[in-house]
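This report concerns only the one structure given below.
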Amino acid sequence: MERPDIPLPQLHAFVVLADELHFGHAAARLGIAQPPLSQQIRRLEDKVGHALFRREPGRVTLTPAGRELLPAARRVLGELVDGLAAARAVGSGRAGRLRIGFSASVALTVLPGLLRTFRERFPDADLDIREMTTAPQIAALHDKTIDIGLLREPPATEEDLGFRTVLTEPFVAVLPAAHPLAAQRAVRLEQLADSPFVLPPHDVGPQLHDKITGLCAAAGFTPRIAQRAVEWQTVCALVETGLGVSLAPASIRRLRLRNVAFRRITPATARTRVAVAWRNHDRNPLVAHLLTTVSPDAPDGA
């Protein structure tokens, strides 16, 4: 296909003259004198190989060739205007694509408010939201398949990644409703020593898993893990069946399972944290905009 070599000013002049059908009016609208406008139109006609306008005394009309070219010329100029506006919006960070990974339990805490605020501030941004656990989020950030992570218990350090704590919350004991300890308002950790546990696998959230087992170790026992499940909702569902007990972030209480009891644990000093994660030196301006949306270290007293 022959590549047209038509300067945009010629195409613009053609469309304006087709609108006005008057050289003087078109020249005034373009902010140029009439002779340069006439030259632009002649050069365009030379490239097309046919006259685009009939020039008669006191009257200018489009030729059949001109009528055929006009819709394409309008489309090209319109797409260019739209493309420039889109490029400026993306370049300024008002638009573009932002890929966000999030842990399922975060959907019960900071995620809804964060997304709502961000959408209000940047309505033209295209958000790609992906549910994944902590370890896969870290890998996806390194692989550049997500831009932002919202994860629980981030690693202490991770090369090329930044972390900011956006929420801390206590742990609760998750018990079958028929469990003897469910009758108490609070549970001492050592009281769980003889119960089987349901916990997420170590590899999907190593830091959270180690924190939970560390709490148990501090209470004088090693948890006997009877069953593992990736998501906290599944952990609680398995607890509901009587397979064991668990320790979970306090926000899990919002699941409102009928046959599951959530109880405070003592001592209540241990807390789990949710953090936003990003690649250092990421050039996507939407990343920086999202980081201005989140408030650092907003503790949850649940």
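Each chain in the structure tokens gets a letter, A, B, ..., in the order shown, and its residues are numbered from 1; ligands are numbered from 1 in order too.
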>> If DSSP is run on the backbone, what residues of segment 88-250 of chain A are strand (DSSP E)? A reply as a ChimeraX atom specification would be ideal.
In response: /A:95-102,124-131,148-152,161-176,186-188,196-199,224-228,246-249
> Using only C-alpha atoms, which residues sit within 6 Å of segment 94-109 of chain A once same-chain residues fewer than 3 positions away are excluded, as a list in words?
Replying inline: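 Everything that qualifies: Ala89, Val90, Phe122, Asp124, Ala125, Asp126, Leu127, Asp128, Ile129, Arg130, Glu131, Met132, Thr133, Ile146, Asp147, Ile148, Gly149, Leu150 and Leu151 of chain A.
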> So which one's closest to Gln34 of chain A, A:Val76, A:Ala51, A:His142, A:Ala13? Using only C-alpha atoms, please.
Replying inline: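 Closest candidate: A:Ala13.
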> Quick one: residues within 10 Å of Gly24 of chain A, only C-alpha atoms counted, chain neighbours fewer than 6 positions away excluded, as a VMD selection string?
Replying inline: chain A and resid 17 30 32 to 35 37
>> Show me, as a PyMOL selection string, the residues that have an atom within 9 Å of Leu257 of chain A when counting only C-alpha atoms, minus same-chain residues fewer than 4 positions from it.
In response: chain A and resi 236-237+240+253+261
Could those selected residues go to a file with N, CA, C and O atoms, as an mmCIF file, in the first residue's frame?
```
data_model
loop_
_atom_site.group_PDB
_atom_site.id
_atom_site.type_symbol
_atom_site.label_atom_id
_atom_site.label_comp_id
_atom_site.auth_asym_id
_atom_site.auth_seq_id
_atom_site.Cartn_x
_atom_site.Cartn_y
_atom_site.Cartn_z
ATOM 1 N N CYS A 236 -11.565 -20.433 57.244
ATOM 2 C CA CYS A 236 -12.704 -20.311 58.158
ATOM 3 C C CYS A 236 -13.784 -21.343 57.847
ATOM 4 O O CYS A 236 -14.427 -21.879 58.765
ATOM 5 N N ALA A 237 -13.983 -21.636 56.570
ATOM 6 C CA ALA A 237 -14.980 -22.649 56.212
ATOM 7 C C ALA A 237 -14.569 -24.022 56.729
ATOM 8 O O ALA A 237 -15.413 -24.811 57.185
ATOM 9 N N GLU A 240 -15.199 -24.176 60.361
ATOM 10 C CA GLU A 240 -16.639 -24.352 60.580
ATOM 11 C C GLU A 240 -17.025 -25.832 60.553
ATOM 12 O O GLU A 240 -17.939 -26.262 61.276
ATOM 13 N N ARG A 253 -13.441 -11.427 60.800
ATOM 14 C CA ARG A 253 -14.732 -11.477 61.480
ATOM 15 C C ARG A 253 -15.872 -10.959 60.610
ATOM 16 O O ARG A 253 -17.036 -11.272 60.834
ATOM 17 N N ALA A 261 -16.912 -19.060 65.562
ATOM 18 C CA ALA A 261 -16.780 -18.051 66.615
ATOM 19 C C ALA A 261 -15.411 -17.376 66.483
ATOM 20 O O ALA A 261 -14.392 -18.052 66.318
#
```
>> Counting only C-alpha atoms, which residue out of A:Arg185, A:Arg152, A:Arg43, A:His50 sits closest to Arg263 of chain A?
In response: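 Among A:Arg185, A:Arg152, A:Arg43, A:His50, it is A:Arg185 that comes nearest to Arg263 of chain A.
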>> Under the rule that only C-alpha atoms are counted, which of A:Gly205, A:Ala248, A:Val230, A:Glu169 is the nearest residue to Ala139 of chain A?
In response: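 The shortest atom-to-atom distance to Ala139 of chain A comes from A:Gly205.
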